[in-house]
Amino acid sequence: MLLIRRWFPWAGPLFVVVLAAVLRLWNLGSPHALVFDETFYVKDAWSLFNNGYESTWPDKADEIFANGNANIFTDIGSFVVHPPLGKWLISLGMAAFGPENSWGWRIVTAVIGILAVVLLMLIIKKLFGSTLLAVIGGFLFAIDGNAIVMSRVALLDNYVMFFALLGFGAILLDRDWHATRLAAWMAKRAESGEWPGWGPALWWRPWLLAAGLAFGLTMSVKWSGLYFLAAFGVYVVVVDALARRRAGVPFWASAAILKQGPINFLLMVPIAIATFLSSWTGWFVTKGGFYRTWADSPETAWTGAFAWVPHAVQSFWHYQVAAYTYHVGLVTPHPYQSNPLTWLFMVRPTSMYYQSSAAGEGTCSFSTCSEAITEIANPLIWWAGAAAVLYLVYRLARYREWRVGLILMGMVAGYLPWLMYTGRTVFQFYSIAFEPYLILALTFVIGLLLGLAPGTGGVVAASALAQGRTPGLAPGLATGLAASEPQHSERATQLTSTELRTDVAARESDRTVGIRVLIGYLVAAVLVSAFFYPLWTGMQISFSFWQMHIWLPSWR
């Protein structure tokens with residue numbers, strides 16, 4: 001028991017990280033073919049690395065590229081509609097391992113996926129104060145199919161998810177930073193007898209700067225990062241207003257909007273814009289990028305009041321307008337397009353790769369073989385997470401819990417904007433951007449089951465666990481659960497024996513049921529992930545086994 005108590009705080013997270021790494025790195029270079037939109041991003045990454053801008057490729061370049069002849073790109077700029085940062089990152093792996101190495105195409109994306117698991121555990125630990133919940137949430141993220149697939153293909157969306165989650169973590173840290181300094185300012189005013197008025201103007205908020213940087217990095221991968229910047233910019237103003245009201249600031253609402261709000265804007269937005277522009281450095285310092293010299297022609301350059309604007313800036317603006325027009329007008333039908341209204345229900349996951357072969361063909365030992373990479377999340381995790389989000393909406397309306405509001409704001413930023421584009425050609429795998437917040441919602445509900453969510457009886461739960469009062473459970477498990485929550489156990493010792501007996505009697509039965517349900521759920525989730533793993537990694541399986549994974553007709 002003592003060993004569990006000592007080892008769990010580091011051994012639990014370490015196990016999750018190793019598991020996430022194995023699931024994402026095993027056989028990463030297979031298939032040795034450009035998968036789905038890798039045909040754009042891998043080749044764009046390599047031409048970007050060599051030219052400083054994305055350039056065009058000859059017809060039928062994919063097979064030639066995969067066969068090792070990677071330097072067949074031209075010096076003619078290509079019209080690409082996503083900012084360059086994600087492709088710069090992809091190119092690092094190609095530069096390190098060679099552009100002919102499919103492991104090199106995907107390694108940076110995989111590392112980002114592993115780091116995202118680490119980051120999510122750190123956020124859960126900070127948000128809930130529970131190592132156990134951090135391990136459970138990280139474990140669910142580590143074994144989920146959507147997260148695994150998006151870490152094993154060189155697309156941009158995993159980077160969007162990671163940088164947005166970084167920003168989310170910075171916003172979480174700013175909450176405590178702001179509250180501490182606001183309380184200190186109010187205490188000084190109380191001591192001096194000064195009227196607090198609108199409260200302080202807090203200029204030094206380093207975590208807001210960090211959030212602006214992180215959301216700027218998100219925007220530098222895909223424009224959708226702008227939604228995170230906007231959503232959490234509004235969120236910070238609301239949180240500041242509520243903090244000032246709790247602190248006793250008389251004009252708390254107007255102070256948050258008119259006094260602190262502009263400061264928050266200056267802390268977050270300029271650094272985000274500067275980061276976005278910096279990602280385009282290659283385009284600015286060369287002349288071959290698409291639309292790079294658009295304004296050099298007298299027929300197209302701006303005239304009148306804006307004629308003084310440098311031609312490079314005019315050309316850049318024209319390029320961004322063209323990219324935006326492309327995005328909002330993209331309605332080309334695709335067999336795997338998915339309406340955003342269905343994403344929480346996982347109605348139409350994206351088939352990234354499919355190869356069929358017959359017996360004796362290659363290594364096929366069945367009558368018919370299938371090799372597939374399908375972006376199907378673990379159904380038990382995804383659907384439970386979606387249900388948890390819906391529950392959190394109800395819970396926010398009833399209890400006004402700030403943790404619930406923060407989690408839901410991640411969903412607002414990552415999911416709700418797509419509902420404006422239900423007629424566009426979009427895909428289920430875009431949902432990786434908000435999957436961490438599904439996991440956070442599910443982790444919160446698990447915390448309720450265990451009595452570990454803050455404000456839900458966690459003190460009593462940990463006390464009972466530490467004392468072994470968990471009928472039907474192995475003592476080692478009970479001790480391990482308690483060991484992950486030392487702050488609860490220490491607090492519990494301050495309660496009277498009468499309070500403990502009363503509370504434990506009221507909660508012990510429900511808690512025991514909750515732990516058993518959780519263990520059953522985790523075991524089932526592991527089994528489902530093992531069942532689907534071949535479809536997440538392109539393993540060769542029989543066609544009949546592939547068909548067993550088609551739980552809905554729309555998954556074909």
# chains A, B, ... in the order shown; residues from 1 in each chain; ligands from 1
call {"tool": "residues_around", "arguments": {"residues": "A:Leu19", "least_positions_apart": "6", "cutoff": "9 Å", "atoms": "only C-alpha atoms", "output": "PyMOL selection string"}}
result
chain A and resi 139+142-143
call {"tool": "select_by_dssp", "arguments": {"residues": "stretch 139-363 of chain A", "states": "strand (DSSP E or B)", "output": "PyMOL selection string"}}
result
chain A and resi 351-358
call {"tool": "write_last_selection", "arguments": {"atoms": "C-alpha atoms", "output": "PDB file, in the first residue's frame"}}
result
ATOM      1  CA  SER A 351     -11.960   6.910 -44.354  1.00  0.00           C
ATOM      2  CA  MET A 352      -8.366   8.100 -44.756  1.00  0.00           C
ATOM      3  CA  TYR A 353      -7.031   5.029 -46.552  1.00  0.00           C
ATOM      4  CA  TYR A 354      -8.363   1.735 -47.861  1.00  0.00           C
ATOM      5  CA  GLN A 355      -6.583  -0.990 -49.807  1.00  0.00           C
ATOM      6  CA  SER A 356      -8.147  -4.298 -50.788  1.00  0.00           C
ATOM      7  CA  SER A 357      -6.249  -7.396 -51.864  1.00  0.00           C
ATOM      8  CA  ALA A 358      -7.008 -11.046 -52.642  1.00  0.00           C
TER       9      ALA A 358
END
call {"tool": "residues_around", "arguments": {"residues": "stretch 437-446 of chain A", "least_positions_apart": "3", "cutoff": "8 Å", "atoms": "only C-alpha atoms", "output": "number ranges by chain"}}
result
A: 124, 133, 136-137, 140-141, 382, 384-386, 388-389, 392, 404, 407-408, 410-411, 434, 449-450, 453, 518
call {"tool": "write_last_selection", "arguments": {"atoms": "C-alpha atoms", "output": "PDB file, in the first residue's frame"}}
result
ATOM      1  CA  ILE A 124      -6.879  18.009 -15.450  1.00  0.00           C
ATOM      2  CA  LEU A 133      -8.610  11.963 -12.601  1.00  0.00           C
ATOM      3  CA  ILE A 136      -8.016   8.520 -16.164  1.00  0.00           C
ATOM      4  CA  GLY A 137      -8.571  11.455 -18.538  1.00  0.00           C
ATOM      5  CA  LEU A 140      -8.981   7.821 -22.307  1.00  0.00           C
ATOM      6  CA  PHE A 141      -7.358  10.363 -24.634  1.00  0.00           C
ATOM      7  CA  TRP A 382     -16.799   9.452 -27.889  1.00  0.00           C
ATOM      8  CA  ALA A 384     -19.912   9.024 -23.419  1.00  0.00           C
ATOM      9  CA  GLY A 385     -17.997  12.283 -23.889  1.00  0.00           C
ATOM     10  CA  ALA A 386     -20.797  13.748 -25.988  1.00  0.00           C
ATOM     11  CA  ALA A 388     -21.115  14.314 -20.669  1.00  0.00           C
ATOM     12  CA  VAL A 389     -21.012  17.599 -22.591  1.00  0.00           C
ATOM     13  CA  LEU A 392     -22.485  19.810 -18.352  1.00  0.00           C
ATOM     14  CA  VAL A 404     -17.962  23.464 -16.079  1.00  0.00           C
ATOM     15  CA  ILE A 407     -14.771  23.201 -20.226  1.00  0.00           C
ATOM     16  CA  LEU A 408     -17.846  24.196 -22.211  1.00  0.00           C
ATOM     17  CA  GLY A 410     -13.567  24.908 -25.157  1.00  0.00           C
ATOM     18  CA  MET A 411     -16.506  23.245 -26.904  1.00  0.00           C
ATOM     19  CA  PHE A 434     -12.503  19.931 -29.512  1.00  0.00           C
ATOM     20  CA  LEU A 449     -18.946   9.186  -9.665  1.00  0.00           C
ATOM     21  CA  LEU A 450     -15.834   8.886  -7.523  1.00  0.00           C
ATOM     22  CA  ALA A 453     -14.694  16.452  -8.404  1.00  0.00           C
ATOM     23  CA  LEU A 518     -15.838   3.079 -13.762  1.00  0.00           C
TER      24      LEU A 518
END
call {"tool": "closest_atom_pairs", "arguments": {"of": "stretch 213-232 of chain A", "to": "stretch 167-177 of chain A", "cutoff": "9 Å", "atoms": "only C-alpha atoms", "output": "JSON lines"}}
result
{"residue": "A:Leu213", "atom": "CA", "partner": "A:Gly167", "partner_atom": "CA", "distance": 7.7}
{"residue": "A:Ala214", "atom": "CA", "partner": "A:Gly167", "partner_atom": "CA", "distance": 4.9}
{"residue": "A:Phe215", "atom": "CA", "partner": "A:Gly167", "partner_atom": "CA", "distance": 5.8}
{"residue": "A:Thr218", "atom": "CA", "partner": "A:Gly167", "partner_atom": "CA", "distance": 8.8}
{"residue": "A:Phe228", "atom": "CA", "partner": "A:Gly167", "partner_atom": "CA", "distance": 8.3}
{"residue": "A:Leu229", "atom": "CA", "partner": "A:Gly167", "partner_atom": "CA", "distance": 8.5}
{"residue": "A:Phe232", "atom": "CA", "partner": "A:Ile171", "partner_atom": "CA", "distance": 7.7}
call {"tool": "residues_around", "arguments": {"residues": "A:Leu120", "least_positions_apart": "4", "cutoff": "8 Å", "atoms": "only C-alpha atoms", "output": "PDB file with C-alpha atoms, in the first residue's frame"}}
result
ATOM      1  CA  ALA A 116      -1.224  16.629 -26.111  1.00  0.00           C
ATOM      2  CA  ILE A 124      -6.879  18.009 -15.450  1.00  0.00           C
ATOM      3  CA  ALA A 134      -5.612  13.217 -14.594  1.00  0.00           C
ATOM      4  CA  GLY A 137      -8.571  11.455 -18.538  1.00  0.00           C
ATOM      5  CA  GLY A 138      -5.142  11.076 -20.102  1.00  0.00           C
ATOM      6  CA  LEU A 165      -5.208  23.309 -25.706  1.00  0.00           C
ATOM      7  CA  PRO A 436      -9.852  17.355 -25.354  1.00  0.00           C
TER       8      PRO A 436
END
call {"tool": "select_by_dssp", "arguments": {"residues": "stretch 237-486 of chain A", "states": "helix (DSSP H, G or I)", "output": "VMD selection string"}}
result
chain A and resid 237 to 247 252 to 278 281 to 285 294 to 296 304 to 306 311 to 328 340 to 345 379 to 399 402 to 414 416 to 421 428 to 433 435 to 450 458 to 466 475 to 483 486
call {"tool": "residues_around", "arguments": {"residues": "A:Pro83", "least_positions_apart": "4", "cutoff": "7 Å", "atoms": "only C-alpha atoms", "output": "ChimeraX atom specification"}}
result
/A:220-222
call {"tool": "residues_around", "arguments": {"residues": "A:Leu34", "least_positions_apart": "3", "cutoff": "7 Å", "atoms": "only C-alpha atoms", "output": "list in words"}}
result
Glu38, Thr39 and Asp62 of chain A
call {"tool": "write_last_selection", "arguments": {"atoms": "C-alpha atoms", "output": "short mmCIF file (atom, residue, chain, number, x, y, z; two decimals), in the first residue's frame"}}
result
data_model
loop_
_atom_site.label_atom_id
_atom_site.label_comp_id
_atom_site.auth_asym_id
_atom_site.auth_seq_id
_atom_site.Cartn_x
_atom_site.Cartn_y
_atom_site.Cartn_z
CA GLU A 38 -1.20 14.16 -46.90
CA THR A 39 -1.12 14.56 -50.66
CA ASP A 62 2.23 11.30 -55.35
#
call {"tool": "closest_atom_pairs", "arguments": {"of": "stretch 266-372 of chain A", "to": "stretch 233-241 of chain A", "cutoff": "12 Å", "atoms": "only C-alpha atoms", "output": "tab-separated table"}}
result
residue	atom	partner	partner_atom	distance
A:Leu266	CA	A:Gly233	CA	10.7
A:Leu267	CA	A:Gly233	CA	10.1
A:Met268	CA	A:Gly233	CA	7.7
A:Val269	CA	A:Gly233	CA	8.6
A:Ala272	CA	A:Gly233	CA	11.6
call {"tool": "closest_residue", "arguments": {"among": "A:Asn67, A:Asn339, A:Asn378, A:Thr74", "to": "A:Gly423", "atoms": "only C-alpha atoms"}}
result
A:Asn339
call {"tool": "closest_residue", "arguments": {"among": "A:Phe284, A:Trp26, A:Phe429, A:Tyr391", "to": "A:Gly538", "atoms": "only C-alpha atoms"}}
result
A:Trp26
call {"tool": "atom_distance", "arguments": {"atom1": "atom CA of A:Thr374", "atom2": "atom CA of A:Trp536"}}
result
5.6 Å
call {"tool": "residues_around", "arguments": {"residues": "A:Gln547", "least_positions_apart": "3", "cutoff": "12 Å", "atoms": "only C-alpha atoms", "output": "tab-separated table (two decimals) with N, CA, C and O atoms, in the first residue's frame"}}
result
chain	number	residue	atom	x	y	z
A	368	THR	N	-10.13	-12.44	-48.92
A	368	THR	CA	-10.06	-11.02	-49.27
A	368	THR	C	-9.51	-10.27	-48.06
A	368	THR	O	-9.96	-10.51	-46.94
A	369	CYS	N	-8.55	-9.38	-48.31
A	369	CYS	CA	-7.93	-8.63	-47.22
A	369	CYS	C	-8.26	-7.15	-47.34
A	369	CYS	O	-8.53	-6.63	-48.44
A	370	SER	N	-8.24	-6.49	-46.21
A	370	SER	CA	-8.46	-5.05	-46.16
A	370	SER	C	-7.37	-4.39	-45.33
A	370	SER	O	-6.97	-4.93	-44.29
A	371	GLU	N	-6.92	-3.24	-45.79
A	371	GLU	CA	-6.04	-2.37	-45.01
A	371	GLU	C	-6.71	-1.01	-44.96
A	371	GLU	O	-6.94	-0.40	-46.00
A	372	ALA	N	-7.04	-0.55	-43.77
A	372	ALA	CA	-7.84	0.67	-43.65
A	372	ALA	C	-7.28	1.57	-42.56
A	372	ALA	O	-6.76	1.10	-41.54
A	532	PHE	N	-10.67	-1.99	-32.43
A	532	PHE	CA	-10.63	-1.05	-33.55
A	532	PHE	C	-9.20	-0.68	-33.99
A	532	PHE	O	-9.04	-0.10	-35.05
A	535	LEU	N	-8.03	-0.87	-37.57
A	535	LEU	CA	-8.62	0.09	-38.50
A	535	LEU	C	-8.07	1.49	-38.30
A	535	LEU	O	-8.32	2.37	-39.12
A	541	ILE	N	-6.06	-6.97	-42.43
A	541	ILE	CA	-7.03	-7.84	-41.77
A	541	ILE	C	-7.93	-8.45	-42.83
A	541	ILE	O	-7.92	-8.05	-44.00
A	542	SER	N	-8.72	-9.42	-42.44
A	542	SER	CA	-9.68	-10.00	-43.39
A	542	SER	C	-10.82	-9.01	-43.63
A	542	SER	O	-11.16	-8.21	-42.76
A	543	PHE	N	-11.40	-9.12	-44.79
A	543	PHE	CA	-12.52	-8.24	-45.14
A	543	PHE	C	-13.69	-8.47	-44.18
A	543	PHE	O	-14.37	-7.51	-43.78
A	544	SER	N	-13.91	-9.71	-43.79
A	544	SER	CA	-15.01	-10.00	-42.88
A	544	SER	C	-14.77	-9.34	-41.52
A	544	SER	O	-15.71	-8.85	-40.89
A	550	ILE	N	-18.23	-2.10	-38.77
A	550	ILE	CA	-19.21	-1.17	-39.34
A	550	ILE	C	-20.47	-1.22	-38.48
A	550	ILE	O	-21.44	-1.91	-38.80
A	551	TRP	N	-20.44	-0.50	-37.39
A	551	TRP	CA	-21.56	-0.52	-36.44
A	551	TRP	C	-22.75	0.28	-36.94
A	551	TRP	O	-23.88	0.04	-36.53
A	552	LEU	N	-22.49	1.25	-37.80
A	552	LEU	CA	-23.55	2.03	-38.42
A	552	LEU	C	-23.38	1.94	-39.93
A	552	LEU	O	-22.24	1.93	-40.42
A	553	PRO	N	-24.46	1.91	-40.70
A	553	PRO	CA	-24.33	1.85	-42.17
A	553	PRO	C	-23.49	2.99	-42.73
A	553	PRO	O	-22.79	2.82	-43.73
A	555	TRP	N	-20.86	4.23	-41.61
A	555	TRP	CA	-19.42	4.10	-41.34
A	555	TRP	C	-18.67	3.44	-42.50
A	555	TRP	O	-17.46	3.32	-42.44
A	556	ARG	N	-19.39	2.98	-43.52
A	556	ARG	CA	-18.71	2.33	-44.64
A	556	ARG	C	-17.91	3.34	-45.44
A	556	ARG	O	-18.30	4.46	-45.63
call {"tool": "atom_distance", "arguments": {"atom1": "atom CA of A:Gln540", "atom2": "atom CA of A:Glu375"}}
result
16.4 Å
call {"tool": "closest_residue", "arguments": {"among": "A:Leu155, A:Leu522, A:Leu23, A:Leu119", "to": "A:Ile381", "atoms": "only C-alpha atoms"}}
result
A:Leu522
call {"tool": "closest_residue", "arguments": {"among": "A:Leu92, A:Leu48, A:Met219, A:Val313", "to": "A:Gly77", "atoms": "only C-alpha atoms"}}
result
A:Leu48
call {"tool": "decode", "arguments": {"residues": "stretch 217-228 of chain A", "atoms": "all heavy atoms", "output": "mmCIF file, in the first residue's frame"}}
result
data_model
loop_
_atom_site.group_PDB
_atom_site.id
_atom_site.type_symbol
_atom_site.label_atom_id
_atom_site.label_comp_id
_atom_site.auth_asym_id
_atom_site.auth_seq_id
_atom_site.Cartn_x
_atom_site.Cartn_y
_atom_site.Cartn_z
ATOM 1 N N LEU A 217 -0.508 30.811 -32.506
ATOM 2 C CA LEU A 217 0.058 29.614 -33.132
ATOM 3 C C LEU A 217 -1.051 28.760 -33.741
ATOM 4 O O LEU A 217 -0.876 28.174 -34.825
ATOM 5 C CB LEU A 217 0.840 28.810 -32.094
ATOM 6 C CG LEU A 217 2.134 29.449 -31.567
ATOM 7 C CD1 LEU A 217 2.683 28.659 -30.393
ATOM 8 C CD2 LEU A 217 3.179 29.557 -32.680
ATOM 9 N N THR A 218 -2.180 28.680 -33.053
ATOM 10 C CA THR A 218 -3.327 27.936 -33.599
ATOM 11 C C THR A 218 -3.785 28.550 -34.914
ATOM 12 O O THR A 218 -4.018 27.838 -35.905
ATOM 13 C CB THR A 218 -4.489 27.931 -32.594
ATOM 14 O OG1 THR A 218 -4.007 27.600 -31.300
ATOM 15 C CG2 THR A 218 -5.553 26.932 -33.000
ATOM 16 N N MET A 219 -3.909 29.869 -34.943
ATOM 17 C CA MET A 219 -4.298 30.570 -36.167
ATOM 18 C C MET A 219 -3.261 30.386 -37.271
ATOM 19 O O MET A 219 -3.598 30.439 -38.459
ATOM 20 C CB MET A 219 -4.459 32.066 -35.875
ATOM 21 C CG MET A 219 -5.628 32.418 -34.984
ATOM 22 S SD MET A 219 -5.480 34.087 -34.274
ATOM 23 C CE MET A 219 -5.140 35.069 -35.746
ATOM 24 N N SER A 220 -2.009 30.168 -36.897
ATOM 25 C CA SER A 220 -0.938 30.016 -37.878
ATOM 26 C C SER A 220 -0.927 28.627 -38.497
ATOM 27 O O SER A 220 -0.159 28.368 -39.428
ATOM 28 C CB SER A 220 0.419 30.287 -37.207
ATOM 29 O OG SER A 220 0.459 31.599 -36.680
ATOM 30 N N VAL A 221 -1.757 27.734 -37.976
ATOM 31 C CA VAL A 221 -1.939 26.417 -38.571
ATOM 32 C C VAL A 221 -3.197 26.402 -39.433
ATOM 33 O O VAL A 221 -3.174 25.989 -40.585
ATOM 34 C CB VAL A 221 -2.026 25.333 -37.483
ATOM 35 C CG1 VAL A 221 -2.285 23.963 -38.108
ATOM 36 C CG2 VAL A 221 -0.759 25.297 -36.653
ATOM 37 N N LYS A 222 -4.299 26.858 -38.841
ATOM 38 C CA LYS A 222 -5.560 26.996 -39.565
ATOM 39 C C LYS A 222 -6.283 28.235 -39.057
ATOM 40 O O LYS A 222 -6.179 28.587 -37.883
ATOM 41 C CB LYS A 222 -6.459 25.756 -39.373
ATOM 42 C CG LYS A 222 -6.151 24.596 -40.298
ATOM 43 C CD LYS A 222 -7.255 23.547 -40.221
ATOM 44 C CE LYS A 222 -7.111 22.504 -41.317
ATOM 45 N NZ LYS A 222 -8.230 21.526 -41.307
ATOM 46 N N TRP A 223 -7.018 28.853 -39.941
ATOM 47 C CA TRP A 223 -7.764 30.053 -39.556
ATOM 48 C C TRP A 223 -8.742 29.793 -38.419
ATOM 49 O O TRP A 223 -9.122 30.712 -37.700
ATOM 50 C CB TRP A 223 -8.541 30.574 -40.765
ATOM 51 C CG TRP A 223 -7.731 31.375 -41.719
ATOM 52 C CD1 TRP A 223 -6.372 31.367 -41.871
ATOM 53 C CD2 TRP A 223 -8.225 32.318 -42.667
ATOM 54 N NE1 TRP A 223 -6.000 32.237 -42.858
ATOM 55 C CE2 TRP A 223 -7.116 32.833 -43.365
ATOM 56 C CE3 TRP A 223 -9.495 32.764 -42.997
ATOM 57 C CZ2 TRP A 223 -7.248 33.779 -44.369
ATOM 58 C CZ3 TRP A 223 -9.631 33.703 -44.009
ATOM 59 C CH2 TRP A 223 -8.512 34.213 -44.680
ATOM 60 N N SER A 224 -9.181 28.562 -38.264
ATOM 61 C CA SER A 224 -10.162 28.262 -37.216
ATOM 62 C C SER A 224 -9.614 28.575 -35.828
ATOM 63 O O SER A 224 -10.389 28.660 -34.864
ATOM 64 C CB SER A 224 -10.597 26.794 -37.292
ATOM 65 O OG SER A 224 -9.470 25.927 -37.263
ATOM 66 N N GLY A 225 -8.300 28.751 -35.706
ATOM 67 C CA GLY A 225 -7.739 29.183 -34.434
ATOM 68 C C GLY A 225 -8.272 30.530 -33.978
ATOM 69 O O GLY A 225 -8.269 30.841 -32.779
ATOM 70 N N LEU A 226 -8.745 31.327 -34.928
ATOM 71 C CA LEU A 226 -9.318 32.624 -34.592
ATOM 72 C C LEU A 226 -10.535 32.470 -33.676
ATOM 73 O O LEU A 226 -10.784 33.330 -32.818
ATOM 74 C CB LEU A 226 -9.715 33.357 -35.877
ATOM 75 C CG LEU A 226 -10.357 34.743 -35.718
ATOM 76 C CD1 LEU A 226 -9.395 35.704 -35.032
ATOM 77 C CD2 LEU A 226 -10.771 35.289 -37.086
ATOM 78 N N TYR A 227 -11.279 31.391 -33.848
ATOM 79 C CA TYR A 227 -12.448 31.172 -33.000
ATOM 80 C C TYR A 227 -12.037 30.991 -31.542
ATOM 81 O O TYR A 227 -12.745 31.438 -30.625
ATOM 82 C CB TYR A 227 -13.224 29.946 -33.480
ATOM 83 C CG TYR A 227 -13.788 30.072 -34.873
ATOM 84 C CD1 TYR A 227 -13.637 29.042 -35.808
ATOM 85 C CD2 TYR A 227 -14.473 31.223 -35.269
ATOM 86 C CE1 TYR A 227 -14.167 29.149 -37.089
ATOM 87 C CE2 TYR A 227 -14.995 31.334 -36.550
ATOM 88 C CZ TYR A 227 -14.838 30.299 -37.454
ATOM 89 O OH TYR A 227 -15.353 30.410 -38.717
ATOM 90 N N PHE A 228 -10.927 30.318 -31.313
ATOM 91 C CA PHE A 228 -10.454 30.139 -29.936
ATOM 92 C C PHE A 228 -10.034 31.472 -29.335
ATOM 93 O O PHE A 228 -10.337 31.757 -28.167
ATOM 94 C CB PHE A 228 -9.287 29.148 -29.909
ATOM 95 C CG PHE A 228 -9.701 27.714 -30.069
ATOM 96 C CD1 PHE A 228 -9.765 27.129 -31.327
ATOM 97 C CD2 PHE A 228 -10.042 26.955 -28.965
ATOM 98 C CE1 PHE A 228 -10.154 25.811 -31.483
ATOM 99 C CE2 PHE A 228 -10.434 25.632 -29.107
ATOM 100 C CZ PHE A 228 -10.486 25.058 -30.367
#
